[in-house]
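This report concerns only the one structure given below.
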Amino acid sequence: MNVLVINCGSSSLKYQLINSDSEEVLAKGLCERIGIDGRLVYQKTGLDKEITEAPMPTHKQAIQMVLDALVNPKTGAVASLDEIDAVGHRVVHGGEKFASSTVLTDDVLQTIEACNDLAPLHNPANLIGINACKELMPNTPMVGVFDTAFHQTMPKKAYLYGLPYEYYEKYGVRRYGFHGTSHSFVSKKAAEFLGMDLNNSKIIVAHLGNGASISAVLNGKCVDTSMGLTPLEGLVMGTRSGDVDPSILEFIAEKENLTLPEVMDVLNKKSGVQGMSGVSSDFRDLEDAYNAGNERAIDACEVFAYRVAKYIGSYVAAMNGVDAIAFTAGIGENTSFIREKIIAYLGYLGITLDKEANKVRGEERIISTPDSKTIAVVIPTNEELAICRETVALVS
Ligand code: AMP
């Protein structure tokens, strides 16, 4: 079965066509600057990347261009659209309505729309992508895979905020968590790679990318995660602040003469390691600055690692122990010096870093020494493959 995986943002769209039997990527790419001017990147596996600048006023045109590229007689990955058997869409927020992936019927789309105010930047864009695909491929089954679904097993004590209960009842103000597709994929993969029984395991997944979150996965089910109502809560991220004293919002608004939306913009886009360091949100730049002795970059890296280590400690408490800590996403998979810093806090768990193994980039590898009581492991995430698998499970 060939599955087209679509991850649609407000002005961009990433896609992969995956053969679900071999789990091979047949072609992949992205559309950028939708509604501005338009740029399609397309790459059939084994061939060079093709870049086409062409107007893409709407997502429908963008998806049409992707479909045209996929069936192009010279460089296409399939002979006709009939060879695309299903489409799997990433949907950011499923609220409390979706605890698992689902086939996108008209009723389901209405329910997703009802979650729009929980993710005003992401869900409307996801829906635009879904509707455009439905118009262009009316007979192809579509599945929605939610970032929030894996975390729906969190107990109430983990997801309620210390706020008036009516806000939860009236508006759904609670912790939801994100990156669920990745946390689910990586926790399963970690258990498999380590030869552990997932149903009898305590795994902490540290998804450390530009957006970063941690989850506590007990017997295969999420019991806590660091992101909340929105992806702003939790770890210090590339440009997001993570946890701050809420009073800071009012304080900064007054001092800097900013409106609340402007302060939120600072917390989302100008904070994190970018805001702290003044160097970059990218850990490759930060590592260079760190090694050059840039003090603000050093502070940013220290704060980032310390926050991760504190969350790991709290999830050890939540699960009364931990068997394995899995590092994933851009930083978790590639940035050795940050993993080293985090693991340096975890001696109390009986973890010793294997410095040689920790040089690993982007592949499955145990990075703790064989005599460590808790295992530290790198597990590359693959959200597109996870979406493909979920889609196949629902349509075949
Ligand atoms: P993500 O959001 O998962 O794509 O992660 C992006 C972060 O991963 C950035 O801070 C990058 O600096 C960091 N990173 C470090 N090394 C690499 C690499 N080789 N490839 C991709 N991302 C990397």
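Chain identifiers are assigned as A, B, and so on, following the order in which chains appear in the structure tokens; residues are numbered from 1 within each chain, and ligands are numbered from 1 in order of appearance.
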Please report, as a tab-separated table, each residue of chain A lying at most 9 Å from ligand 1, together with the nearest pair of atoms and the separation in Å rounded to one decimal; use only C-alpha atoms and all ligand atoms, and order rows by chain and ascending residue number.
residue	atom	partner	partner_atom_place_in_ligand_line	distance
A:His207	CA	ligand 1	3 (O)	7.7
A:Leu208	CA	ligand 1	3 (O)	6.5
A:Gly209	CA	ligand 1	5 (O)	3.5
A:Asn210	CA	ligand 1	2 (O)	3.7
A:Gly211	CA	ligand 1	2 (O)	5.7
A:Ala212	CA	ligand 1	2 (O)	7.8
A:Met237	CA	ligand 1	10 (O)	8.8
A:Gly238	CA	ligand 1	10 (O)	6.5
A:Ser280	CA	ligand 1	10 (O)	8.6
A:Ser281	CA	ligand 1	10 (O)	6.0
A:Asp282	CA	ligand 1	10 (O)	3.6
A:Phe283	CA	ligand 1	12 (O)	3.6
A:Arg284	CA	ligand 1	12 (O)	4.4
A:Asp285	CA	ligand 1	12 (O)	6.9
A:Leu286	CA	ligand 1	12 (O)	7.8
A:Glu287	CA	ligand 1	12 (O)	8.6
A:Thr328	CA	ligand 1	3 (O)	7.8
A:Ala329	CA	ligand 1	3 (O)	4.0
A:Gly330	CA	ligand 1	8 (O)	3.2
A:Ile331	CA	ligand 1	8 (O)	4.0
A:Gly332	CA	ligand 1	8 (O)	7.4
A:Glu333	CA	ligand 1	16 (N)	7.5
A:Asn334	CA	ligand 1	16 (N)	4.5
A:Thr335	CA	ligand 1	15 (C)	5.2
A:Ser336	CA	ligand 1	15 (C)	8.9
A:Arg361	CA	ligand 1	19 (N)	7.1
A:Gly362	CA	ligand 1	19 (N)	7.6
A:Thr381	CA	ligand 1	3 (O)	8.7
Determine, counting only C-alpha atoms, which protein, DNA and RNA residues have an atom within 9 Å of an atom of Ser184 of chain A; residues of the same chain fewer than 2 positions away are not included. Present the result as JSON, numbers by chain.
-> {"A": [150, 151, 179, 180, 181, 182, 186, 187, 188, 189, 205, 217, 220, 221, 222, 386]}
Which of these residues is nearest to Tyr311 of chain A, using only C-alpha atoms: A:Ser101, A:Ser247, A:Gln64, A:Thr225?
->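 Among the listed residues, A:Thr225 lies closest to Tyr311 of chain A.
From atom CA of Glu340 of chain A back to atom CA of Lys355 of chain A, the distance works out to 8.0 Å.
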Non-local contacts of Ala54 of chain A (12 Å; only C-alpha atoms; under 4 positions in same chain excluded) as a PyMOL selection string | chain A and resi 31-41+58+61-62+64-66
Residue neighbourhood Ala158 of chain A, 9 Å, only C-alpha atoms, exclusion window fewer than 3 positions, as an MDAnalysis selection string | chainID A and resid 154:155 161 175 223:225
Take the selection from the previous step and output its residues with N, CA, C and O atoms, as a compact mmCIF listing (two decimals), in the first residue's frame.
# COMPACT_ATOMS: atom_id res chain seq x y z
N MET A 154 -3.02 10.19 30.16
CA MET A 154 -2.53 10.83 31.41
C MET A 154 -3.66 10.85 32.44
O MET A 154 -4.81 11.15 32.10
N PRO A 155 -3.33 10.57 33.70
CA PRO A 155 -4.37 10.67 34.73
C PRO A 155 -4.68 12.13 35.04
O PRO A 155 -3.88 13.02 34.75
N TYR A 161 -4.70 21.69 35.83
CA TYR A 161 -3.94 22.81 36.37
C TYR A 161 -4.56 23.25 37.70
O TYR A 161 -5.75 23.00 37.95
N ARG A 175 -3.86 20.22 30.65
CA ARG A 175 -2.64 19.87 29.92
C ARG A 175 -2.99 18.79 28.89
O ARG A 175 -3.72 17.85 29.20
N VAL A 223 1.90 8.65 31.04
CA VAL A 223 1.31 9.08 32.32
C VAL A 223 1.62 10.54 32.64
O VAL A 223 1.03 11.12 33.54
N ASP A 224 2.56 11.13 31.91
CA ASP A 224 2.80 12.57 32.08
C ASP A 224 3.65 13.06 30.91
O ASP A 224 4.39 12.28 30.30
N THR A 225 3.53 14.33 30.61
CA THR A 225 4.35 14.93 29.56
C THR A 225 4.52 16.41 29.86
O THR A 225 3.71 17.00 30.59
Suppose you want the space between atom CA of Ala79 of chain A and atom CA of Lys134 of chain A; what is it in Å?
-> 20.1 Å
Just the residues within 7 Å of Cys133 of chain A, please, counting only C-alpha atoms, with nothing from its chain fewer than 4 positions along; format it as a list in words.
->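 Residues near the query, excluding close chain neighbours: Ile63, Gly129 and Met137 of chain A.
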Restricted to C-alpha atoms, what would the selected residues look like written as a PDB file, in the first residue's frame?
ATOM      1  CA  ILE A  63      -1.204  19.906  -3.028  1.00  0.00           C
ATOM      2  CA  GLY A 129      -4.740  20.705   3.969  1.00  0.00           C
ATOM      3  CA  MET A 137      -8.577  12.890  -4.208  1.00  0.00           C
TER       4      MET A 137
END
Val263 of chain A proximity check over A:Phe304, A:Phe98, A:Phe251, A:Tyr165, using only C-alpha atoms: winner is A:Phe251
Pick the closest to Leu17 of chain A from A:Asp82, A:Val87, A:His59, A:Ala393: which is it, counting only C-alpha atoms?
-> A:Val87
